[in-house]
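Undergrad: What follows is work.txt, made up of compact mmCIF, C-alpha atoms:
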```txt
# COMPACT_ATOMS: atom_id res chain seq x y z
CA MET A 1 4.25 6.49 14.75
CA LYS A 2 5.81 3.04 14.44
CA ALA A 3 8.80 2.65 12.13
CA ILE A 4 11.49 0.09 11.42
CA ILE A 5 14.98 1.44 12.10
CA LEU A 6 18.19 -0.02 10.71
CA SER A 7 20.41 0.12 13.78
CA ARG A 8 23.54 -0.78 11.78
CA PRO A 9 24.27 -2.76 8.60
CA GLY A 10 23.95 -6.50 9.00
CA GLY A 11 21.36 -9.26 9.32
CA VAL A 12 17.62 -8.97 9.77
CA ASP A 13 17.99 -8.56 13.54
CA GLU A 14 19.32 -5.07 12.84
CA LEU A 15 15.78 -4.09 11.75
CA GLN A 16 14.34 -2.67 14.97
CA TYR A 17 10.78 -1.49 15.62
CA GLN A 18 10.58 1.90 17.32
CA GLU A 19 8.12 4.67 18.07
CA ILE A 20 9.32 7.90 16.47
CA LEU A 21 7.79 11.26 15.63
CA THR A 22 5.55 11.50 12.59
CA PRO A 23 7.47 13.37 9.86
CA GLN A 24 6.73 17.03 9.21
CA ILE A 25 6.06 17.80 5.56
CA ALA A 26 7.82 20.55 3.61
CA PRO A 27 6.41 22.61 0.73
CA GLY A 28 5.71 20.33 -2.23
CA GLU A 29 5.33 17.26 -0.01
CA VAL A 30 2.38 15.19 1.15
CA LEU A 31 2.06 13.05 4.25
CA VAL A 32 0.97 9.52 3.33
CA ARG A 33 -0.63 7.11 5.78
CA VAL A 34 0.99 3.94 4.48
CA LYS A 35 -1.18 0.94 3.69
CA ALA A 36 1.35 -1.28 1.93
CA ILE A 37 5.10 -1.46 1.28
CA ALA A 38 7.00 -3.45 -1.33
CA ILE A 39 10.55 -4.65 -0.84
CA ASN A 40 13.25 -5.22 -3.43
CA PRO A 41 16.73 -6.71 -3.72
CA VAL A 42 18.14 -3.22 -3.10
CA ASP A 43 16.45 -3.22 0.33
CA VAL A 44 18.33 -6.37 1.29
CA LYS A 45 21.63 -5.15 -0.15
CA THR A 46 21.31 -1.80 1.61
CA ARG A 47 20.43 -3.48 4.91
CA THR A 48 23.71 -5.42 4.73
CA GLY A 49 25.79 -2.29 4.06
CA PHE A 50 25.87 -2.48 0.28
CA GLY A 51 23.32 -1.21 -2.26
CA ILE A 52 22.85 2.48 -1.51
CA TYR A 53 23.74 2.28 2.18
CA ARG A 54 26.42 4.95 1.85
CA ARG A 55 23.73 7.44 0.82
CA LEU A 56 21.72 6.71 3.98
CA LYS A 57 24.28 5.96 6.68
CA ASP A 58 24.47 9.50 8.05
CA ASP A 59 20.70 9.83 8.41
CA ASP A 60 19.43 9.48 11.99
CA PRO A 61 17.49 7.32 12.27
CA THR A 62 18.19 5.21 9.18
CA ILE A 63 14.93 3.91 7.73
CA LEU A 64 14.88 1.73 4.63
CA GLY A 65 12.09 1.51 2.08
CA TRP A 66 10.97 3.35 -1.04
CA ASP A 67 7.90 1.58 -2.45
CA ILE A 68 4.66 2.64 -0.80
CA SER A 69 0.94 2.98 -1.32
CA GLY A 70 -1.50 4.65 1.01
CA VAL A 71 -3.82 7.56 1.68
CA VAL A 72 -2.89 11.23 1.70
CA GLU A 73 -3.24 12.52 5.25
CA GLU A 74 -1.99 16.08 4.77
CA VAL A 75 -0.66 18.26 1.97
CA GLY A 76 2.06 20.88 2.17
CA ALA A 77 2.23 24.31 0.63
CA ASP A 78 2.37 24.43 -3.17
CA VAL A 79 0.91 20.93 -3.56
CA THR A 80 -1.54 20.92 -6.47
CA LEU A 81 -1.86 17.28 -7.55
CA PHE A 82 -3.31 15.72 -4.39
CA GLN A 83 -5.63 16.41 -1.50
CA PRO A 84 -6.33 14.63 1.79
CA GLY A 85 -8.12 11.34 1.23
CA ASP A 86 -6.51 10.59 -2.14
CA GLU A 87 -5.21 7.06 -2.57
CA VAL A 88 -1.67 7.23 -3.98
CA PHE A 89 1.36 5.09 -4.74
CA GLY A 90 4.95 5.61 -5.80
CA MET A 91 8.65 5.06 -5.32
CA VAL A 92 9.71 7.78 -2.91
CA ASN A 93 13.01 9.65 -3.21
CA PHE A 94 15.05 6.89 -4.86
CA PRO A 95 18.04 6.68 -4.89
CA GLY A 96 17.93 8.76 -1.73
CA ASN A 97 16.29 8.26 1.62
CA GLY A 98 12.65 7.29 1.15
CA ARG A 99 12.06 6.24 4.79
CA GLY A 100 9.30 3.93 3.62
CA TYR A 101 9.30 1.39 6.48
CA ALA A 102 6.94 3.47 8.58
CA GLU A 103 3.28 4.13 9.28
CA PHE A 104 3.60 7.63 7.78
CA VAL A 105 5.88 8.85 5.00
CA ALA A 106 6.60 12.38 3.81
CA ALA A 107 6.81 12.20 0.02
CA GLN A 108 7.34 14.71 -2.73
CA GLU A 109 4.16 15.03 -4.75
CA SER A 110 6.31 14.71 -7.88
CA HIS A 111 7.11 11.10 -6.91
CA LEU A 112 3.53 9.89 -6.57
CA ALA A 113 0.49 9.07 -8.69
CA LEU A 114 -3.15 8.38 -7.92
CA LYS A 115 -3.81 4.69 -7.30
CA PRO A 116 -6.27 3.20 -9.79
CA ALA A 117 -9.49 2.14 -8.09
CA ASN A 118 -9.29 -1.37 -9.58
CA VAL A 119 -5.89 -2.03 -7.96
CA SER A 120 -5.38 -2.97 -4.30
CA PHE A 121 -2.93 -1.12 -2.07
CA GLN A 122 -0.75 -4.24 -2.13
CA GLU A 123 -0.71 -4.44 -5.93
CA ALA A 124 -0.03 -0.71 -6.15
CA ALA A 125 2.94 -0.86 -3.78
CA ALA A 126 4.30 -3.75 -5.83
CA SER A 127 4.05 -1.66 -9.03
CA THR A 128 6.67 0.90 -8.09
CA LEU A 129 10.47 0.40 -8.19
CA ALA A 130 10.34 -2.81 -10.22
CA ALA A 131 7.73 -1.51 -12.65
CA LEU A 132 9.51 1.85 -12.97
CA THR A 133 12.78 0.08 -13.75
CA ALA A 134 11.21 -1.85 -16.61
CA TRP A 135 9.28 1.19 -17.87
CA GLN A 136 12.29 3.50 -17.84
CA ALA A 137 14.48 0.84 -19.46
CA PHE A 138 12.08 0.44 -22.39
CA THR A 139 11.01 4.08 -22.80
CA GLN A 140 13.87 6.36 -21.80
CA HIS A 141 16.99 4.24 -22.24
CA ARG A 142 16.10 1.89 -25.10
CA PRO A 143 12.64 2.43 -26.57
CA ILE A 144 11.16 -0.81 -27.86
CA ALA A 145 9.79 -0.96 -31.41
CA LYS A 146 7.03 -3.28 -32.57
CA GLY A 147 8.36 -6.64 -33.73
CA GLU A 148 11.75 -6.39 -32.02
CA ARG A 149 13.12 -9.44 -30.26
CA VAL A 150 13.61 -8.80 -26.54
CA LEU A 151 15.32 -11.22 -24.15
CA ILE A 152 14.42 -10.76 -20.48
CA HIS A 153 16.46 -12.64 -17.89
CA ALA A 154 14.86 -13.76 -14.62
CA ALA A 155 11.57 -12.96 -16.29
CA ALA A 156 9.45 -14.26 -13.41
CA GLY A 157 11.07 -11.93 -10.87
CA GLY A 158 10.09 -8.46 -9.73
CA VAL A 159 11.51 -6.39 -12.57
CA GLY A 160 11.27 -9.28 -15.02
CA HIS A 161 7.54 -9.91 -14.83
CA PHE A 162 6.81 -6.21 -15.37
CA ALA A 163 9.35 -6.04 -18.20
CA VAL A 164 7.63 -8.90 -20.01
CA GLN A 165 4.28 -7.13 -19.90
CA ILE A 166 5.68 -3.73 -20.89
CA ALA A 167 7.69 -5.18 -23.80
CA LYS A 168 4.54 -6.96 -25.01
CA TYR A 169 2.60 -3.69 -24.67
CA PHE A 170 5.05 -2.14 -27.13
CA GLY A 171 4.59 -5.06 -29.53
CA ALA A 172 7.88 -6.93 -28.99
CA TYR A 173 8.54 -10.63 -29.43
CA VAL A 174 9.55 -11.58 -25.89
CA ILE A 175 11.89 -14.37 -24.84
CA GLY A 176 11.95 -15.00 -21.10
CA THR A 177 14.36 -17.07 -19.03
CA SER A 178 13.36 -18.83 -15.81
CA SER A 179 13.25 -22.28 -14.29
CA ILE A 180 10.76 -24.70 -15.82
CA SER A 181 8.49 -24.32 -12.77
CA ASN A 182 7.73 -20.74 -13.81
CA ARG A 183 7.10 -21.47 -17.49
CA ASP A 184 3.31 -21.39 -17.27
CA PHE A 185 3.40 -18.16 -15.26
CA LEU A 186 5.50 -16.48 -17.96
CA LEU A 187 3.31 -17.77 -20.76
CA SER A 188 0.31 -16.30 -18.96
CA LEU A 189 2.08 -12.91 -19.02
CA GLY A 190 2.53 -13.14 -22.79
CA VAL A 191 6.04 -14.54 -23.23
CA ASP A 192 6.43 -15.81 -26.81
CA SER A 193 9.34 -18.13 -26.09
CA HIS A 194 10.42 -19.59 -22.76
CA VAL A 195 13.96 -20.71 -21.98
CA ASP A 196 14.66 -23.01 -19.04
CA TYR A 197 18.06 -21.72 -17.98
CA LYS A 198 18.70 -24.88 -15.96
CA ALA A 199 18.19 -27.22 -18.91
CA GLN A 200 20.80 -25.70 -21.22
CA PRO A 201 22.73 -22.45 -21.66
CA PHE A 202 20.42 -19.82 -23.13
CA GLU A 203 23.13 -18.68 -25.54
CA LYS A 204 22.96 -22.08 -27.26
CA ILE A 205 19.34 -21.62 -28.31
CA VAL A 206 18.74 -17.84 -28.47
CA SER A 207 20.12 -15.56 -31.20
CA ASP A 208 19.50 -12.35 -33.16
CA VAL A 209 18.11 -10.43 -30.19
CA ASP A 210 17.56 -6.68 -30.46
CA VAL A 211 17.49 -5.95 -26.73
CA VAL A 212 18.55 -7.86 -23.63
CA LEU A 213 17.39 -6.79 -20.17
CA ASP A 214 19.70 -8.47 -17.67
CA THR A 215 18.63 -8.47 -14.04
CA ILE A 216 21.19 -11.06 -12.91
CA GLY A 217 24.66 -9.67 -13.61
CA GLY A 218 27.96 -11.55 -13.32
CA ASP A 219 28.91 -13.76 -16.26
CA ASN A 220 25.34 -13.50 -17.50
CA ILE A 221 26.37 -10.20 -19.06
CA ASP A 222 29.19 -11.75 -21.10
CA ARG A 223 26.97 -14.62 -22.18
CA SER A 224 24.19 -12.24 -23.20
CA LEU A 225 26.53 -10.40 -25.55
CA GLN A 226 26.68 -13.58 -27.63
CA VAL A 227 22.98 -13.44 -28.52
CA VAL A 228 22.61 -9.73 -29.35
CA LYS A 229 22.65 -8.79 -33.02
CA PRO A 230 25.03 -6.02 -34.20
CA GLY A 231 23.47 -2.68 -33.39
CA GLY A 232 21.46 -4.23 -30.57
CA THR A 233 21.43 -3.24 -26.91
CA LEU A 234 22.31 -4.89 -23.61
CA ILE A 235 20.88 -3.23 -20.50
CA SER A 236 22.25 -4.42 -17.15
CA ILE A 237 20.39 -3.59 -13.96
CA PRO A 238 22.12 -5.12 -10.90
CA SER A 239 25.86 -4.89 -11.44
CA GLY A 240 26.39 -2.70 -14.44
CA LEU A 241 28.84 -3.32 -17.22
CA SER A 242 32.47 -3.65 -16.33
CA GLU A 243 34.96 -1.84 -18.52
CA SER A 244 36.01 -5.09 -20.18
CA VAL A 245 32.45 -6.09 -21.02
CA ALA A 246 31.72 -2.62 -22.35
CA GLU A 247 34.73 -3.02 -24.65
CA LYS A 248 33.50 -6.42 -25.79
CA ALA A 249 30.08 -4.93 -26.51
CA LYS A 250 31.61 -2.12 -28.53
CA ALA A 251 33.72 -4.62 -30.50
CA ARG A 252 30.51 -6.42 -31.48
CA SER A 253 28.83 -3.10 -32.41
CA ILE A 254 26.49 -3.57 -29.45
CA HIS A 255 25.28 -0.80 -27.17
CA GLY A 256 25.94 -1.82 -23.56
CA PHE A 257 25.02 0.17 -20.48
CA PHE A 258 23.44 0.08 -17.04
CA PHE A 259 21.20 2.55 -15.28
CA LEU A 260 19.69 3.23 -11.89
CA VAL A 261 15.95 3.83 -11.70
CA GLN A 262 14.82 7.30 -10.61
CA SER A 263 11.66 8.45 -8.83
CA SER A 264 9.19 9.99 -11.28
CA GLY A 265 5.55 10.88 -10.81
CA ASP A 266 5.15 11.21 -14.58
CA ASP A 267 6.31 7.64 -15.09
CA MET A 268 4.15 6.47 -12.18
CA ARG A 269 1.12 7.96 -13.94
CA SER A 270 2.00 6.00 -17.09
CA ILE A 271 2.16 2.84 -14.99
CA ALA A 272 -1.11 3.77 -13.30
CA ASN A 273 -2.81 4.01 -16.71
CA LEU A 274 -1.53 0.57 -17.69
CA LEU A 275 -2.77 -0.87 -14.40
CA LYS A 276 -6.14 0.83 -14.81
CA ASN A 277 -6.58 -0.49 -18.35
CA GLY A 278 -5.52 -4.03 -17.45
CA ARG A 279 -2.41 -3.90 -19.64
CA LEU A 280 -0.17 -4.37 -16.60
CA LYS A 281 -0.70 -6.48 -13.50
CA ALA A 282 1.47 -6.92 -10.43
CA HIS A 283 1.93 -10.47 -9.20
CA VAL A 284 2.09 -10.42 -5.40
CA SER A 285 3.53 -13.76 -4.33
CA LYS A 286 3.61 -13.07 -0.58
CA ASN A 287 1.90 -10.53 1.66
CA PHE A 288 3.44 -10.13 5.13
CA ALA A 289 2.28 -8.14 8.13
CA PHE A 290 4.36 -5.13 9.20
CA ALA A 291 5.51 -7.13 12.22
CA ASP A 292 7.02 -9.73 9.89
CA MET A 293 9.42 -7.50 7.95
CA LYS A 294 12.39 -9.63 9.00
CA GLN A 295 10.86 -12.74 7.43
CA ALA A 296 10.02 -10.77 4.30
CA HIS A 297 13.69 -9.79 4.01
CA LEU A 298 14.77 -13.40 4.44
CA ASP A 299 12.39 -14.47 1.66
CA GLN A 300 13.63 -11.71 -0.63
CA GLU A 301 17.20 -12.69 0.15
CA THR A 302 16.71 -16.16 -1.36
CA GLY A 303 16.64 -14.63 -4.86
CA ARG A 304 13.77 -16.93 -5.81
CA THR A 305 10.89 -14.51 -5.48
CA ILE A 306 8.15 -14.81 -8.08
CA GLY A 307 6.76 -11.36 -8.76
CA LYS A 308 6.81 -9.20 -5.64
CA ILE A 309 6.79 -9.44 -1.85
CA VAL A 310 4.68 -6.84 -0.05
CA ILE A 311 4.03 -5.73 3.52
CA SER A 312 0.60 -4.62 4.71
CA ILE A 313 0.16 -2.11 7.52
```
In structure tokens, what does this structure look like?

TA:
Amino acid sequence: MKAIILSRPGGVDELQYQEILTPQIAPGEVLVRVKAIAINPVDVKTRTGFGIYRRLKDDDPTILGWDISGVVEEVGADVTLFQPGDEVFGMVNFPGNGRGYAEFVAAQESHLALKPANVSFQEAAASTLAALTAWQAFTQHRPIAKGERVLIHAAAGGVGHFAVQIAKYFGAYVIGTSSISNRDFLLSLGVDSHVDYKAQPFEKIVSDVDVVLDTIGGDNIDRSLQVVKPGGTLISIPSGLSESVAEKAKARSIHGFFFLVQSSGDDMRSIANLLKNGRLKAHVSKNFAFADMKQAHLDQETGRTIGKIVISI
């Protein structure tokens, strides 16, 4: 099969196309013929030697990628949820080695869900890591109650645009930050109040927030603490909370933490139901061919992606 190998950490030229053996599945695994792949900021960070590269560096060959959709080709012993021919999607073995940049992927059945028939393979692949991050943030780590005020930073991005929809699903009043060019997109997703972060500091016009989902990091975390009400919560995705910021949060009686998304077939099935019922929709901004993975990485690297970038095979 054809796969994309990371020869060593560095630029996009380190992504090399090679013919390698199709993976053999173990008990509890299925072999998926991949139809689409989604990429994320963690793909870019890991390619450059950061992200979760240390978890993958001893694997030979090193293959990036976790977000896939496709068709089940073969099932291993003890598999009960799927059979050959099923259309599936999921985030495979994160934060481990998913080996998703390939024509075939061996995946644990517990990391996958059936793809809804009304969703394309591209939309399904897009609704994996980013959607799981938002879902787990608002269900496992800080459940959202109806009427709560939720501030979502970079709301037009991968995690952000799913977080908006999921927070609205739970009945929250959603405030989303983005540039003015993405205002209409966010309003179409259900944002109640849009903040143009370029026009003025968000902390000057936002207050009394119950939950902040920060997907930016850096000083955005400190600034976000200023708008959270006592007893509220700040969730940081990219960089986590430093010890000093955690102390500041505690001094304000604010709960501050970060988490790393985990593969979960149960959560994927919840996302599948939302997709099936039209309560959640993936916005695919660009769809590249498998041969154009390097350009997809360069686009992701700009940090200006609206929704998700996907790769079709």

Undergrad: For Ala282 in chain A, which residue out of A:Val212, A:Leu114, A:Ala126, A:Leu132 is the nearest one, using all atoms listed in the file?

TA: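 When distances to Ala282 in chain A are compared using all atoms listed in the file, the smallest one comes from A:Ala126.
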
Undergrad: List the spatial neighbours of Thr48 in chain A as a short mmCIF file (atom, residue, chain, number, x, y, z; two decimals) with C-alpha atoms, in the coordinates of the input - criterion: any atom at most 8 Å away, all atoms listed in the file, same-chain residues fewer than 5 positions off excluded.

TA:
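The resulting file, result-v1.cif, is reproduced below:
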```cif
data_model
loop_
_atom_site.label_atom_id
_atom_site.label_comp_id
_atom_site.auth_asym_id
_atom_site.auth_seq_id
_atom_site.Cartn_x
_atom_site.Cartn_y
_atom_site.Cartn_z
CA PRO A 9 24.27 -2.76 8.60
CA GLY A 10 23.95 -6.50 9.00
CA GLY A 11 21.36 -9.26 9.32
#
```

Undergrad: Ranking A:Glu74, A:Glu301, A:Glu109, A:Glu103 by minimum distance to Gly28 in chain A and counting only C-alpha atoms, which one comes first?

TA: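 Closest residue, counting only C-alpha atoms: A:Glu109.
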
Undergrad: I need the residue nearest Phe288 in chain A from this list: A:Ile39, A:Val105, A:Met1, A:Ile205. Use only C-alpha atoms for the distance.

TA: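 The answer is A:Ile39, which sits nearest to Phe288 in chain A.
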
Undergrad: With range 151-169 of chain A as the partner and 7 Å as the cut-off, tabulate the residues of range 185-304 of chain A that qualify, each row holding the nearest pair of atoms and their distance in Å to one decimal, using all atoms listed in the file, sorted by chain and rising number, as a Markdown table.

TA:
```
| residue | atom | partner | partner_atom | distance |
| --- | --- | --- | --- | --- |
| A:Leu186 | CA | A:Ala156 | CA | 6.4 |
| A:Leu189 | CA | A:Gln165 | CA | 6.2 |
| A:Gly190 | CA | A:Lys168 | CA | 6.9 |
| A:Val191 | CA | A:Val164 | CA | 6.7 |
| A:Val209 | CA | A:Leu151 | CA | 6.7 |
| A:Val211 | CA | A:Leu151 | CA | 6.3 |
| A:Val212 | CA | A:Leu151 | CA | 4.7 |
| A:Leu213 | CA | A:Ile152 | CA | 5.0 |
| A:Asp214 | CA | A:His153 | CA | 5.3 |
| A:Thr215 | CA | A:His153 | CA | 6.1 |
| A:Leu280 | CA | A:Gln165 | CA | 6.2 |
```

Undergrad: Near Phe50 in chain A, within 12 Å and counting all atoms listed in the file, which residues show up once chain neighbours fewer than 5 positions away are dropped, as a list in words?

TA: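 Result of the neighbour search: Arg8, Pro9, Gly10, Pro41, Val42, Asp43, Val44, Lys45, Arg55, Leu56, Lys57 and Ser239 of chain A.
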
Undergrad: So the first atom is CA of Ser207 in chain A and the second is CA of Val227 in chain A; what is the distance between them in Å, to one decimal place?

TA: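 About the pair CA of Ser207 in chain A and CA of Val227 in chain A: they are 4.5 Å apart.
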
Undergrad: Return range 227-256 of chain A, completed with N, CA and C atoms, as a PDB file, in the coordinates of the input.

TA:
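Output contents, as saved in out_12.pdb:
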```pdb
ATOM      1  N   VAL A 227      24.271 -13.245 -27.847  1.00  0.00           N
ATOM      2  CA  VAL A 227      22.980 -13.440 -28.520  1.00  0.00           C
ATOM      3  C   VAL A 227      22.421 -12.148 -29.109  1.00  0.00           C
ATOM      4  N   VAL A 228      23.105 -11.009 -28.859  1.00  0.00           N
ATOM      5  CA  VAL A 228      22.610  -9.730 -29.350  1.00  0.00           C
ATOM      6  C   VAL A 228      23.127  -9.482 -30.767  1.00  0.00           C
ATOM      7  N   LYS A 229      22.248  -9.078 -31.651  1.00  0.00           N
ATOM      8  CA  LYS A 229      22.650  -8.790 -33.020  1.00  0.00           C
ATOM      9  C   LYS A 229      23.447  -7.481 -33.073  1.00  0.00           C
ATOM     10  N   PRO A 230      24.306  -7.285 -34.066  1.00  0.00           N
ATOM     11  CA  PRO A 230      25.030  -6.020 -34.200  1.00  0.00           C
ATOM     12  C   PRO A 230      24.044  -4.851 -34.240  1.00  0.00           C
ATOM     13  N   GLY A 231      24.365  -3.819 -33.487  1.00  0.00           N
ATOM     14  CA  GLY A 231      23.470  -2.680 -33.390  1.00  0.00           C
ATOM     15  C   GLY A 231      22.444  -2.812 -32.288  1.00  0.00           C
ATOM     16  N   GLY A 232      22.407  -3.996 -31.651  1.00  0.00           N
ATOM     17  CA  GLY A 232      21.460  -4.230 -30.570  1.00  0.00           C
ATOM     18  C   GLY A 232      21.936  -3.626 -29.254  1.00  0.00           C
ATOM     19  N   THR A 233      21.176  -3.882 -28.202  1.00  0.00           N
ATOM     20  CA  THR A 233      21.430  -3.240 -26.910  1.00  0.00           C
ATOM     21  C   THR A 233      21.367  -4.248 -25.772  1.00  0.00           C
ATOM     22  N   LEU A 234      22.316  -4.129 -24.851  1.00  0.00           N
ATOM     23  CA  LEU A 234      22.310  -4.890 -23.610  1.00  0.00           C
ATOM     24  C   LEU A 234      22.181  -3.919 -22.447  1.00  0.00           C
ATOM     25  N   ILE A 235      21.105  -4.066 -21.676  1.00  0.00           N
ATOM     26  CA  ILE A 235      20.880  -3.230 -20.500  1.00  0.00           C
ATOM     27  C   ILE A 235      21.090  -4.098 -19.268  1.00  0.00           C
ATOM     28  N   SER A 236      21.980  -3.677 -18.383  1.00  0.00           N
ATOM     29  CA  SER A 236      22.250  -4.420 -17.150  1.00  0.00           C
ATOM     30  C   SER A 236      21.723  -3.616 -15.974  1.00  0.00           C
ATOM     31  N   ILE A 237      20.973  -4.284 -15.109  1.00  0.00           N
ATOM     32  CA  ILE A 237      20.390  -3.590 -13.960  1.00  0.00           C
ATOM     33  C   ILE A 237      21.226  -3.754 -12.686  1.00  0.00           C
ATOM     34  N   PRO A 238      21.574  -4.984 -12.253  1.00  0.00           N
ATOM     35  CA  PRO A 238      22.120  -5.120 -10.900  1.00  0.00           C
ATOM     36  C   PRO A 238      23.574  -4.717 -10.730  1.00  0.00           C
ATOM     37  N   SER A 239      24.432  -5.076 -11.682  1.00  0.00           N
ATOM     38  CA  SER A 239      25.860  -4.890 -11.440  1.00  0.00           C
ATOM     39  C   SER A 239      26.528  -3.974 -12.443  1.00  0.00           C
ATOM     40  N   GLY A 240      25.802  -3.570 -13.442  1.00  0.00           N
ATOM     41  CA  GLY A 240      26.390  -2.700 -14.440  1.00  0.00           C
ATOM     42  C   GLY A 240      27.357  -3.442 -15.334  1.00  0.00           C
ATOM     43  N   LEU A 241      27.888  -2.738 -16.291  1.00  0.00           N
ATOM     44  CA  LEU A 241      28.840  -3.320 -17.220  1.00  0.00           C
ATOM     45  C   LEU A 241      30.245  -2.949 -16.802  1.00  0.00           C
ATOM     46  N   SER A 242      31.075  -3.944 -16.624  1.00  0.00           N
ATOM     47  CA  SER A 242      32.470  -3.650 -16.330  1.00  0.00           C
ATOM     48  C   SER A 242      33.113  -3.061 -17.579  1.00  0.00           C
ATOM     49  N   GLU A 243      34.271  -2.458 -17.395  1.00  0.00           N
ATOM     50  CA  GLU A 243      34.960  -1.840 -18.520  1.00  0.00           C
ATOM     51  C   GLU A 243      35.273  -2.863 -19.604  1.00  0.00           C
ATOM     52  N   SER A 244      35.665  -4.069 -19.193  1.00  0.00           N
ATOM     53  CA  SER A 244      36.010  -5.090 -20.180  1.00  0.00           C
ATOM     54  C   SER A 244      34.801  -5.534 -20.974  1.00  0.00           C
ATOM     55  N   VAL A 245      33.654  -5.687 -20.302  1.00  0.00           N
ATOM     56  CA  VAL A 245      32.450  -6.090 -21.020  1.00  0.00           C
ATOM     57  C   VAL A 245      31.979  -4.981 -21.939  1.00  0.00           C
ATOM     58  N   ALA A 246      32.096  -3.746 -21.500  1.00  0.00           N
ATOM     59  CA  ALA A 246      31.720  -2.620 -22.350  1.00  0.00           C
ATOM     60  C   ALA A 246      32.574  -2.616 -23.619  1.00  0.00           C
ATOM     61  N   GLU A 247      33.860  -2.951 -23.473  1.00  0.00           N
ATOM     62  CA  GLU A 247      34.730  -3.020 -24.650  1.00  0.00           C
ATOM     63  C   GLU A 247      34.326  -4.146 -25.572  1.00  0.00           C
ATOM     64  N   LYS A 248      33.956  -5.292 -24.984  1.00  0.00           N
ATOM     65  CA  LYS A 248      33.500  -6.420 -25.790  1.00  0.00           C
ATOM     66  C   LYS A 248      32.218  -6.053 -26.549  1.00  0.00           C
ATOM     67  N   ALA A 249      31.324  -5.343 -25.875  1.00  0.00           N
ATOM     68  CA  ALA A 249      30.080  -4.930 -26.510  1.00  0.00           C
ATOM     69  C   ALA A 249      30.370  -4.010 -27.688  1.00  0.00           C
ATOM     70  N   LYS A 250      31.262  -3.056 -27.474  1.00  0.00           N
ATOM     71  CA  LYS A 250      31.610  -2.120 -28.530  1.00  0.00           C
ATOM     72  C   LYS A 250      32.235  -2.840 -29.713  1.00  0.00           C
ATOM     73  N   ALA A 251      33.077  -3.851 -29.427  1.00  0.00           N
ATOM     74  CA  ALA A 251      33.720  -4.620 -30.500  1.00  0.00           C
ATOM     75  C   ALA A 251      32.708  -5.371 -31.346  1.00  0.00           C
ATOM     76  N   ARG A 252      31.576  -5.716 -30.766  1.00  0.00           N
ATOM     77  CA  ARG A 252      30.510  -6.420 -31.480  1.00  0.00           C
ATOM     78  C   ARG A 252      29.489  -5.443 -32.067  1.00  0.00           C
ATOM     79  N   SER A 253      29.764  -4.153 -31.967  1.00  0.00           N
ATOM     80  CA  SER A 253      28.830  -3.100 -32.410  1.00  0.00           C
ATOM     81  C   SER A 253      27.523  -3.190 -31.644  1.00  0.00           C
ATOM     82  N   ILE A 254      27.637  -3.465 -30.337  1.00  0.00           N
ATOM     83  CA  ILE A 254      26.490  -3.570 -29.450  1.00  0.00           C
ATOM     84  C   ILE A 254      26.536  -2.420 -28.455  1.00  0.00           C
ATOM     85  N   HIS A 255      25.378  -1.850 -28.182  1.00  0.00           N
ATOM     86  CA  HIS A 255      25.280  -0.800 -27.170  1.00  0.00           C
ATOM     87  C   HIS A 255      25.110  -1.478 -25.809  1.00  0.00           C
ATOM     88  N   GLY A 256      26.014  -1.217 -24.878  1.00  0.00           N
ATOM     89  CA  GLY A 256      25.940  -1.820 -23.560  1.00  0.00           C
ATOM     90  C   GLY A 256      25.984  -0.770 -22.472  1.00  0.00           C
TER      91      GLY A 256
END
```
